[in-house]
Amino acid sequence: MDIQKIVHRDKERIKIDFPYNNEMARQLKQIPDCKWSQTYKAWHIPYTKAAFNALKVLFPDANYPKTKKILEQVSTPAVPDALQNPVQDGIFVYVLGRKIVLKLPRNAEDNTFLMSLRYSRWDATNFCWNIPAYPGNIELIKTHFKDRITLWEEQEPEHEVNGTKLAIGKLTVLAIITLTGRIKLIFGFNKGLVKEIQKIPFCKWDSKNKWWTIPFSERFEGTIKQYCMDNKLDYIIEKEASIINKKARITPFDIPNYRTCPAELKLKLQELRYSEKTIKTYSNSFEEFINYYHKFDINTLDEPMIIAYLRHLVTERKVSSSYQNQAINAIKFYYERVLGGQRKFYFIERPLKENTLPVVLSEAEVISILKATINIKHKTMLMLCYSAGLRVGELLNLKVKDIDSGRMQIRVEQSKGKKDRYTLLSAKLLTMLRVYFKQYKPDNWLFEGESKEQYSARSMQNALQQSVKKTGILKKVSMHTLRHSFATHLLESGTDLRYIQSLLGHASSTTTEIYTHVTTKGFDQIKSPLDNLDF
């Protein structure tokens with residue numbers, strides 16, 4: 001293992017180079033912000049003492065540089081003014097959340113004791129010791145220094161929930177129900193509570209944010225609440241603003257004998273050659289339905305019960321109209337197509353379609369996003385999505401053979417509706433693709449991950465959001481926004497709507513006509529009637 005300092009994307013990092021070893025890579029990923037560099041063909045971690053110390057703990061036998069300092073002095077979090085004075089006499093201790101900051105006169109015996117504490121380090125800038133507030137460290141410090149301590153002060157960490165800051169003390173447990181259907185648990189170290197959390201299936205420790213998360217269900221939430229009551233801990237439960245008064249979906253932990261989607265439904269969908277995405281959507285929707293009536297046999301559910309369930313989705317689950325339509329499709333498919341003549345035709349009214357307009361970027365905003373994207377792969381993907389009007393799934397499903405530079409076309413195979421089509425290959429994009437090819441050398445998929453697997457949609461969405469954040473654009477931008485912008489900009493440049501329909505792969509021209517409502521072409525020639533009034 002070779003370890004050295006590098007500068008990567010204008011940031012100082014620590015490069016760790018070693019022959020391919022999956023187990024070593026897995027351990028290395030435990031270090032926060034550990035990343036793989038395609039340029040250096042090696043892993044790299046932050047250029048901080050914390051990251052370097054974590055590396056030494058994971059790989060104590062590695063070949064570390066012989067110099068005493070691989071790291072130059074790095075900046076440390078702000079500490080109280082009393083600790084920044086190197087000549088002040090006395091022993092001052094501040095417990096700042098999960099860190100202990102200690103200032104004292106030079107003393108060999110005290111220094112030896114402090115160095116014996118795990119991960120303790122001397123801060124030469126602020127003339128103080130930094131020690132993790134691990135269990136037992138506070139007691140050890142109090143026992144060693146006893147009544148020599150001049151000042152002992154503890155500051156409780158604060159967490160902001162829906163605009164309100166909440167102080168989390170040693171005897172407080174903050175539970176936050178998140179948008180993703182989990183509960184964040186924030187509290188001072190409590191060994192008993194940690195053991196209780198670890199008994200819950202799919203619990204997870206977030207090492208970056210220093211909190212636990214568990215699946216959201218009334219049973220799990222009740223378990224944590226009961227533990228707090230039994231151990232005299234203050235229990236605070238909060239919901240993220242957008243899910244207040246919104247009922248969560250039933251999970252396998254909420255009811256006994258949770259039922260999975262019937263195999264006949266999936267087999268019928270596969271038989272009719274539905275896409276994997278549609279099969280997953282129908283299965284999840286029907287599974288939620290049958291578990292809403294978990295005490296009833298599936299074949300006894302009648303039309304009034306179906307309507308009552310759909311009403312529950314709207315009034316209590318507060319789902320969108322598209323989600324409601326998916327539920328209707330899944331239920332009707334099972335009773336009318338899977339069971340066939342065994343069941344009657346179910347008449348279920350559809351929700352009113354929401355007339356929403358797509359978010360569209362201006363040409364200047366597209367330019368700023370592309371300029372803010374430094375990574376060659378991400379930049380090429382964004383350029384391709386915008387220049388060809390692709391859906392994110394179509395972008396990720398592209399293969400090297402789909403780029404036809406001779407005819408300046410891109411072949412899109414088996415997209416939505418299982419249709420093939422050709423779309424534009426931009427000359428500027430082709431130049432960028434050649435730069436990308438030389439650097440990344442994809443084999444099968446046009447855009448591949450670290451192990452040559454298909455690139456993930458989540459990674460691409462995250463890359464786009466980082467670029468949007470740099471530009472300061474306040475619009476809600478997603479990968480699909482680039483497709484909307486492609487169509488709108490073509491329309492504004494005079495392209496016939498029928499050609500745009502073909503490039504987008506729309507089955508109906510009605511779908512494409514929505515872009516006529518968002519274009520701003522000709523607005524500057526229209527005069528408001530208010531301007532004609534003389535008053």
# chains A, B, ... in the order shown; residues from 1 in each chain; ligands from 1
$ residues_around --residues "Val366 in chain A" --least-positions-apart "3" --cutoff "12 Å" --atoms "only C-alpha atoms" --output "list in words"
Val360, Leu361, Ser362, Glu363, Ile369, Leu370, Lys371, Ala372, Thr373, Lys379, Leu382, Met383, Cys385, Tyr386, Ser387, Leu464, Ser467, Val468, Thr471, Ile473, Val477, Met479, Thr481, Leu482, Arg483, His484, Ser485, Phe486 and His489 of chain A
$ write_last_selection --atoms "C-alpha atoms" --output "short mmCIF file (atom, residue, chain, number, x, y, z; two decimals), in the first residue's frame"
data_model
loop_
_atom_site.label_atom_id
_atom_site.label_comp_id
_atom_site.auth_asym_id
_atom_site.auth_seq_id
_atom_site.Cartn_x
_atom_site.Cartn_y
_atom_site.Cartn_z
CA VAL A 360 -37.82 24.54 -18.10
CA LEU A 361 -34.33 26.03 -17.94
CA SER A 362 -33.24 28.97 -20.05
CA GLU A 363 -30.29 28.50 -22.40
CA ILE A 369 -24.93 24.10 -15.13
CA LEU A 370 -22.60 22.59 -17.74
CA LYS A 371 -19.81 24.99 -16.76
CA ALA A 372 -20.28 24.12 -13.09
CA THR A 373 -19.88 20.38 -13.86
CA LYS A 379 -20.61 16.69 -17.97
CA LEU A 382 -25.71 16.09 -18.93
CA MET A 383 -24.79 17.31 -22.42
CA CYS A 385 -29.39 14.24 -21.99
CA TYR A 386 -30.01 17.86 -23.02
CA SER A 387 -28.82 17.64 -26.63
CA LEU A 464 -26.69 17.27 -11.28
CA SER A 467 -23.87 21.47 -10.17
CA VAL A 468 -27.23 23.24 -9.77
CA THR A 471 -25.00 27.97 -9.96
CA ILE A 473 -30.49 28.31 -9.63
CA VAL A 477 -34.15 20.84 -11.46
CA MET A 479 -32.54 15.10 -15.14
CA THR A 481 -35.82 19.00 -16.70
CA LEU A 482 -33.08 18.77 -19.34
CA ARG A 483 -35.47 16.80 -21.59
CA HIS A 484 -38.17 19.45 -21.11
CA SER A 485 -35.64 22.18 -21.90
CA PHE A 486 -34.51 20.35 -25.07
CA HIS A 489 -35.68 25.26 -26.96
#
$ select_by_dssp --residues "range 387-500 of chain A" --states "strand (DSSP E)" --output "compact mmCIF listing (two decimals) with C-alpha atoms, in the first residue's frame"
# COMPACT_ATOMS: atom_id res chain seq x y z
CA ILE A 403 -23.71 6.15 -31.14
CA ASP A 404 -23.76 6.49 -34.92
CA GLN A 409 -27.73 9.89 -34.78
CA ILE A 410 -28.28 8.13 -31.47
CA ARG A 411 -30.31 4.93 -31.40
CA VAL A 412 -32.62 4.58 -28.39
CA ARG A 421 -36.33 5.58 -32.06
CA TYR A 422 -33.49 7.70 -33.37
CA THR A 423 -32.60 11.12 -31.99
CA LEU A 424 -30.01 13.83 -32.63
$ residues_around --residues "Val338 in chain A" --least-positions-apart "5" --cutoff "7 Å" --atoms "only C-alpha atoms" --output "list in words"
Glu264, Leu265, Lys268 and Phe333 of chain A
$ write_last_selection --atoms "C-alpha atoms" --output "tab-separated table (two decimals), in the first residue's frame"
chain	number	residue	atom	x	y	z
A	264	GLU	CA	-49.55	-14.85	-10.54
A	265	LEU	CA	-49.56	-11.07	-10.98
A	268	LYS	CA	-48.89	-12.41	-16.04
A	333	PHE	CA	-55.00	-5.67	-13.77
$ select_by_dssp --residues "range 368-531 of chain A" --states "alpha helix (DSSP H)" --output "NGL selection string"
:A and (368-372 or 376-388 or 392-397 or 427-440 or 457-471 or 479-492 or 497-504 or 509-512)
$ write_last_selection --atoms "C-alpha atoms" --output "PDB file, in the first residue's frame"
ATOM      1  CA  SER A 368     -24.112  27.676 -16.246  1.00  0.00           C
ATOM      2  CA  ILE A 369     -24.931  24.098 -15.134  1.00  0.00           C
ATOM      3  CA  LEU A 370     -22.599  22.587 -17.737  1.00  0.00           C
ATOM      4  CA  LYS A 371     -19.811  24.992 -16.762  1.00  0.00           C
ATOM      5  CA  ALA A 372     -20.281  24.119 -13.091  1.00  0.00           C
ATOM      6  CA  ILE A 376     -15.881  14.765 -17.607  1.00  0.00           C
ATOM      7  CA  LYS A 377     -18.246  11.797 -17.307  1.00  0.00           C
ATOM      8  CA  HIS A 378     -20.987  13.779 -15.567  1.00  0.00           C
ATOM      9  CA  LYS A 379     -20.608  16.686 -17.974  1.00  0.00           C
ATOM     10  CA  THR A 380     -20.886  14.363 -20.990  1.00  0.00           C
ATOM     11  CA  MET A 381     -24.006  12.732 -19.541  1.00  0.00           C
ATOM     12  CA  LEU A 382     -25.706  16.088 -18.935  1.00  0.00           C
ATOM     13  CA  MET A 383     -24.788  17.306 -22.416  1.00  0.00           C
ATOM     14  CA  LEU A 384     -26.140  14.101 -23.952  1.00  0.00           C
ATOM     15  CA  CYS A 385     -29.388  14.238 -21.995  1.00  0.00           C
ATOM     16  CA  TYR A 386     -30.006  17.864 -23.018  1.00  0.00           C
ATOM     17  CA  SER A 387     -28.816  17.645 -26.635  1.00  0.00           C
ATOM     18  CA  ALA A 388     -30.864  14.513 -27.451  1.00  0.00           C
ATOM     19  CA  VAL A 392     -32.625   9.324 -17.565  1.00  0.00           C
ATOM     20  CA  GLY A 393     -33.379   5.611 -18.077  1.00  0.00           C
ATOM     21  CA  GLU A 394     -32.701   5.943 -21.807  1.00  0.00           C
ATOM     22  CA  LEU A 395     -29.420   7.725 -21.074  1.00  0.00           C
ATOM     23  CA  LEU A 396     -28.207   4.968 -18.748  1.00  0.00           C
ATOM     24  CA  ASN A 397     -29.329   2.176 -21.110  1.00  0.00           C
ATOM     25  CA  ALA A 427     -21.511  17.859 -33.172  1.00  0.00           C
ATOM     26  CA  LYS A 428     -20.337  19.465 -29.893  1.00  0.00           C
ATOM     27  CA  LEU A 429     -21.463  16.369 -27.991  1.00  0.00           C
ATOM     28  CA  LEU A 430     -19.527  14.096 -30.366  1.00  0.00           C
ATOM     29  CA  THR A 431     -16.333  16.055 -29.615  1.00  0.00           C
ATOM     30  CA  MET A 432     -17.011  15.684 -25.876  1.00  0.00           C
ATOM     31  CA  LEU A 433     -17.787  11.970 -26.265  1.00  0.00           C
ATOM     32  CA  ARG A 434     -14.395  11.389 -27.884  1.00  0.00           C
ATOM     33  CA  VAL A 435     -12.639  13.086 -24.952  1.00  0.00           C
ATOM     34  CA  TYR A 436     -14.713  10.971 -22.563  1.00  0.00           C
ATOM     35  CA  PHE A 437     -13.912   7.749 -24.502  1.00  0.00           C
ATOM     36  CA  LYS A 438     -10.168   8.330 -24.291  1.00  0.00           C
ATOM     37  CA  GLN A 439     -10.288   8.857 -20.533  1.00  0.00           C
ATOM     38  CA  TYR A 440     -12.825   6.241 -19.389  1.00  0.00           C
ATOM     39  CA  ALA A 457     -29.608   7.032 -11.845  1.00  0.00           C
ATOM     40  CA  ARG A 458     -29.136   8.138  -8.226  1.00  0.00           C
ATOM     41  CA  SER A 459     -25.462   8.980  -8.802  1.00  0.00           C
ATOM     42  CA  MET A 460     -26.329  11.027 -11.879  1.00  0.00           C
ATOM     43  CA  GLN A 461     -29.124  12.912 -10.084  1.00  0.00           C
ATOM     44  CA  ASN A 462     -26.742  13.701  -7.210  1.00  0.00           C
ATOM     45  CA  ALA A 463     -24.108  15.010  -9.625  1.00  0.00           C
ATOM     46  CA  LEU A 464     -26.688  17.273 -11.281  1.00  0.00           C
ATOM     47  CA  GLN A 465     -27.900  18.634  -7.926  1.00  0.00           C
ATOM     48  CA  GLN A 466     -24.327  19.520  -6.926  1.00  0.00           C
ATOM     49  CA  SER A 467     -23.873  21.472 -10.171  1.00  0.00           C
ATOM     50  CA  VAL A 468     -27.231  23.241  -9.767  1.00  0.00           C
ATOM     51  CA  LYS A 469     -26.293  24.204  -6.206  1.00  0.00           C
ATOM     52  CA  LYS A 470     -23.074  25.830  -7.463  1.00  0.00           C
ATOM     53  CA  THR A 471     -25.001  27.966  -9.963  1.00  0.00           C
ATOM     54  CA  MET A 479     -32.535  15.096 -15.145  1.00  0.00           C
ATOM     55  CA  HIS A 480     -35.984  15.195 -16.770  1.00  0.00           C
ATOM     56  CA  THR A 481     -35.815  19.002 -16.695  1.00  0.00           C
ATOM     57  CA  LEU A 482     -33.077  18.770 -19.343  1.00  0.00           C
ATOM     58  CA  ARG A 483     -35.469  16.798 -21.591  1.00  0.00           C
ATOM     59  CA  HIS A 484     -38.170  19.447 -21.110  1.00  0.00           C
ATOM     60  CA  SER A 485     -35.636  22.179 -21.899  1.00  0.00           C
ATOM     61  CA  PHE A 486     -34.510  20.347 -25.071  1.00  0.00           C
ATOM     62  CA  ALA A 487     -38.083  20.254 -26.417  1.00  0.00           C
ATOM     63  CA  THR A 488     -38.874  23.843 -25.453  1.00  0.00           C
ATOM     64  CA  HIS A 489     -35.684  25.262 -26.964  1.00  0.00           C
ATOM     65  CA  LEU A 490     -36.301  23.352 -30.215  1.00  0.00           C
ATOM     66  CA  LEU A 491     -39.828  24.769 -30.365  1.00  0.00           C
ATOM     67  CA  GLU A 492     -38.555  28.296 -29.729  1.00  0.00           C
ATOM     68  CA  LEU A 497     -43.911  20.093 -33.379  1.00  0.00           C
ATOM     69  CA  ARG A 498     -44.171  16.805 -35.297  1.00  0.00           C
ATOM     70  CA  TYR A 499     -40.379  16.474 -35.454  1.00  0.00           C
ATOM     71  CA  ILE A 500     -40.091  17.217 -31.729  1.00  0.00           C
ATOM     72  CA  GLN A 501     -42.709  14.518 -31.058  1.00  0.00           C
ATOM     73  CA  SER A 502     -40.628  12.002 -33.012  1.00  0.00           C
ATOM     74  CA  LEU A 503     -37.357  12.956 -31.278  1.00  0.00           C
ATOM     75  CA  LEU A 504     -38.971  12.664 -27.832  1.00  0.00           C
ATOM     76  CA  SER A 509     -48.932  14.801 -30.327  1.00  0.00           C
ATOM     77  CA  THR A 510     -51.109  15.942 -27.402  1.00  0.00           C
ATOM     78  CA  THR A 511     -48.268  15.074 -25.026  1.00  0.00           C
ATOM     79  CA  THR A 512     -45.810  17.182 -27.039  1.00  0.00           C
TER      80      THR A 512
END
$ residues_around --residues "range 17-33 of chain A" --least-positions-apart "6" --cutoff "9 Å" --atoms "only C-alpha atoms" --output "list in words"
Met1, Asp2, Ile3, Gln4, Tyr40, Lys41, Ala42, Trp43, His44, Ile45, Pro46, Ala51, Ala54, Leu55, Leu58, Phe59, Ser207 and Lys208 of chain A
$ closest_residue --among "A:Arg148, A:His312, A:Lys170, A:Lys239" --to "Val95 in chain A" --atoms "only C-alpha atoms"
A:Lys170
$ decode --residues "range 40-55 of chain A" --atoms "all heavy atoms" --output "mmCIF file, in the first residue's frame"
data_model
loop_
_atom_site.group_PDB
_atom_site.id
_atom_site.type_symbol
_atom_site.label_atom_id
_atom_site.label_comp_id
_atom_site.auth_asym_id
_atom_site.auth_seq_id
_atom_site.Cartn_x
_atom_site.Cartn_y
_atom_site.Cartn_z
ATOM 1 N N TYR A 40 -6.147 9.019 -11.172
ATOM 2 C CA TYR A 40 -5.005 8.400 -10.496
ATOM 3 C C TYR A 40 -5.123 6.871 -10.429
ATOM 4 O O TYR A 40 -4.164 6.204 -10.038
ATOM 5 C CB TYR A 40 -4.875 8.948 -9.076
ATOM 6 C CG TYR A 40 -4.387 10.375 -9.008
ATOM 7 C CD1 TYR A 40 -5.282 11.430 -8.889
ATOM 8 C CD2 TYR A 40 -3.034 10.665 -9.055
ATOM 9 C CE1 TYR A 40 -4.840 12.746 -8.823
ATOM 10 C CE2 TYR A 40 -2.577 11.977 -8.992
ATOM 11 C CZ TYR A 40 -3.480 13.009 -8.872
ATOM 12 O OH TYR A 40 -3.050 14.308 -8.811
ATOM 13 N N LYS A 41 -6.316 6.359 -10.766
ATOM 14 C CA LYS A 41 -6.575 4.925 -10.642
ATOM 15 C C LYS A 41 -6.272 4.438 -9.225
ATOM 16 O O LYS A 41 -5.609 3.422 -8.996
ATOM 17 C CB LYS A 41 -5.724 4.130 -11.643
ATOM 18 C CG LYS A 41 -5.904 4.546 -13.095
ATOM 19 C CD LYS A 41 -7.289 4.221 -13.617
ATOM 20 C CE LYS A 41 -7.422 4.575 -15.081
ATOM 21 N NZ LYS A 41 -8.802 4.384 -15.581
ATOM 22 N N ALA A 42 -6.757 5.200 -8.251
ATOM 23 C CA ALA A 42 -6.495 4.876 -6.842
ATOM 24 C C ALA A 42 -7.576 5.513 -5.976
ATOM 25 O O ALA A 42 -8.311 6.402 -6.413
ATOM 26 C CB ALA A 42 -5.115 5.379 -6.426
ATOM 27 N N TRP A 43 -7.663 5.048 -4.742
ATOM 28 C CA TRP A 43 -8.585 5.635 -3.769
ATOM 29 C C TRP A 43 -7.939 6.854 -3.141
ATOM 30 O O TRP A 43 -6.711 6.940 -3.032
ATOM 31 C CB TRP A 43 -8.933 4.612 -2.681
ATOM 32 C CG TRP A 43 -9.749 3.459 -3.171
ATOM 33 C CD1 TRP A 43 -9.296 2.252 -3.607
ATOM 34 C CD2 TRP A 43 -11.171 3.417 -3.289
ATOM 35 N NE1 TRP A 43 -10.339 1.455 -3.988
ATOM 36 C CE2 TRP A 43 -11.502 2.139 -3.803
ATOM 37 C CE3 TRP A 43 -12.200 4.323 -3.017
ATOM 38 C CZ2 TRP A 43 -12.820 1.755 -4.042
ATOM 39 C CZ3 TRP A 43 -13.504 3.934 -3.249
ATOM 40 C CH2 TRP A 43 -13.805 2.676 -3.763
ATOM 41 N N HIS A 44 -8.764 7.803 -2.679
ATOM 42 C CA HIS A 44 -8.223 8.959 -1.977
ATOM 43 C C HIS A 44 -9.201 9.399 -0.900
ATOM 44 O O HIS A 44 -10.420 9.226 -1.015
ATOM 45 C CB HIS A 44 -7.906 10.111 -2.939
ATOM 46 C CG HIS A 44 -9.073 10.559 -3.774
ATOM 47 N ND1 HIS A 44 -9.884 11.615 -3.426
ATOM 48 C CD2 HIS A 44 -9.565 10.084 -4.940
ATOM 49 C CE1 HIS A 44 -10.808 11.781 -4.345
ATOM 50 N NE2 HIS A 44 -10.658 10.865 -5.277
ATOM 51 N N ILE A 45 -8.644 9.961 0.176
ATOM 52 C CA ILE A 45 -9.431 10.383 1.340
ATOM 53 C C ILE A 45 -9.099 11.839 1.653
ATOM 54 O O ILE A 45 -8.126 12.381 1.126
ATOM 55 C CB ILE A 45 -9.139 9.484 2.563
ATOM 56 C CG1 ILE A 45 -7.660 9.565 2.956
ATOM 57 C CG2 ILE A 45 -9.552 8.046 2.299
ATOM 58 C CD1 ILE A 45 -7.309 8.797 4.236
ATOM 59 N N PRO A 46 -9.913 12.494 2.509
ATOM 60 C CA PRO A 46 -9.640 13.904 2.829
ATOM 61 C C PRO A 46 -8.250 14.110 3.427
ATOM 62 O O PRO A 46 -7.724 13.246 4.131
ATOM 63 C CB PRO A 46 -10.734 14.255 3.846
ATOM 64 C CG PRO A 46 -11.823 13.279 3.572
ATOM 65 C CD PRO A 46 -11.155 12.014 3.148
ATOM 66 N N TYR A 47 -7.679 15.268 3.158
ATOM 67 C CA TYR A 47 -6.358 15.624 3.685
ATOM 68 C C TYR A 47 -6.537 16.235 5.077
ATOM 69 O O TYR A 47 -6.355 17.423 5.302
ATOM 70 C CB TYR A 47 -5.696 16.616 2.730
ATOM 71 C CG TYR A 47 -4.261 16.963 3.068
ATOM 72 C CD1 TYR A 47 -3.257 16.023 2.958
ATOM 73 C CD2 TYR A 47 -3.921 18.253 3.480
ATOM 74 C CE1 TYR A 47 -1.948 16.339 3.253
ATOM 75 C CE2 TYR A 47 -2.613 18.580 3.778
ATOM 76 C CZ TYR A 47 -1.633 17.616 3.665
ATOM 77 O OH TYR A 47 -0.327 17.941 3.960
ATOM 78 N N THR A 48 -6.948 15.371 6.014
ATOM 79 C CA THR A 48 -7.171 15.801 7.397
ATOM 80 C C THR A 48 -6.543 14.790 8.334
ATOM 81 O O THR A 48 -6.347 13.612 7.978
ATOM 82 C CB THR A 48 -8.675 15.913 7.712
ATOM 83 O OG1 THR A 48 -9.278 14.619 7.600
ATOM 84 C CG2 THR A 48 -9.379 16.876 6.759
ATOM 85 N N LYS A 49 -6.273 15.228 9.549
ATOM 86 C CA LYS A 49 -5.691 14.323 10.545
ATOM 87 C C LYS A 49 -6.679 13.241 10.951
ATOM 88 O O LYS A 49 -6.301 12.091 11.203
ATOM 89 C CB LYS A 49 -5.246 15.123 11.771
ATOM 90 C CG LYS A 49 -3.998 15.951 11.517
ATOM 91 C CD LYS A 49 -3.453 16.540 12.804
ATOM 92 C CE LYS A 49 -2.142 17.294 12.554
ATOM 93 N NZ LYS A 49 -1.580 17.850 13.795
ATOM 94 N N ALA A 50 -7.960 13.599 11.008
ATOM 95 C CA ALA A 50 -8.974 12.622 11.391
ATOM 96 C C ALA A 50 -9.015 11.473 10.382
ATOM 97 O O ALA A 50 -9.060 10.285 10.762
ATOM 98 C CB ALA A 50 -10.342 13.294 11.488
ATOM 99 N N ALA A 51 -8.977 11.805 9.097
ATOM 100 C CA ALA A 51 -9.009 10.766 8.063
ATOM 101 C C ALA A 51 -7.724 9.933 8.087
ATOM 102 O O ALA A 51 -7.757 8.704 7.943
ATOM 103 C CB ALA A 51 -9.202 11.407 6.692
ATOM 104 N N PHE A 52 -6.579 10.607 8.301
ATOM 105 C CA PHE A 52 -5.302 9.895 8.335
ATOM 106 C C PHE A 52 -5.226 8.953 9.534
ATOM 107 O O PHE A 52 -4.768 7.813 9.433
ATOM 108 C CB PHE A 52 -4.154 10.906 8.367
ATOM 109 C CG PHE A 52 -2.792 10.269 8.273
ATOM 110 C CD1 PHE A 52 -2.450 9.513 7.171
ATOM 111 C CD2 PHE A 52 -1.860 10.434 9.285
ATOM 112 C CE1 PHE A 52 -1.189 8.931 7.067
ATOM 113 C CE2 PHE A 52 -0.603 9.853 9.197
ATOM 114 C CZ PHE A 52 -0.265 9.109 8.085
ATOM 115 N N ASN A 53 -5.714 9.411 10.693
ATOM 116 C CA ASN A 53 -5.732 8.561 11.872
ATOM 117 C C ASN A 53 -6.651 7.361 11.680
ATOM 118 O O ASN A 53 -6.341 6.244 12.109
ATOM 119 C CB ASN A 53 -6.180 9.362 13.095
ATOM 120 C CG ASN A 53 -5.114 10.342 13.566
ATOM 121 O OD1 ASN A 53 -3.927 10.144 13.295
ATOM 122 N ND2 ASN A 53 -5.523 11.397 14.246
ATOM 123 N N ALA A 54 -7.794 7.596 11.025
ATOM 124 C CA ALA A 54 -8.717 6.491 10.749
ATOM 125 C C ALA A 54 -8.061 5.470 9.817
ATOM 126 O O ALA A 54 -8.252 4.254 9.979
ATOM 127 C CB ALA A 54 -10.008 7.032 10.130
ATOM 128 N N LEU A 55 -7.262 5.952 8.862
ATOM 129 C CA LEU A 55 -6.554 5.064 7.945
ATOM 130 C C LEU A 55 -5.550 4.196 8.699
ATOM 131 O O LEU A 55 -5.429 2.988 8.445
ATOM 132 C CB LEU A 55 -5.848 5.905 6.878
ATOM 133 C CG LEU A 55 -5.075 5.133 5.808
ATOM 134 C CD1 LEU A 55 -6.027 4.350 4.916
ATOM 135 C CD2 LEU A 55 -4.240 6.095 4.956
#
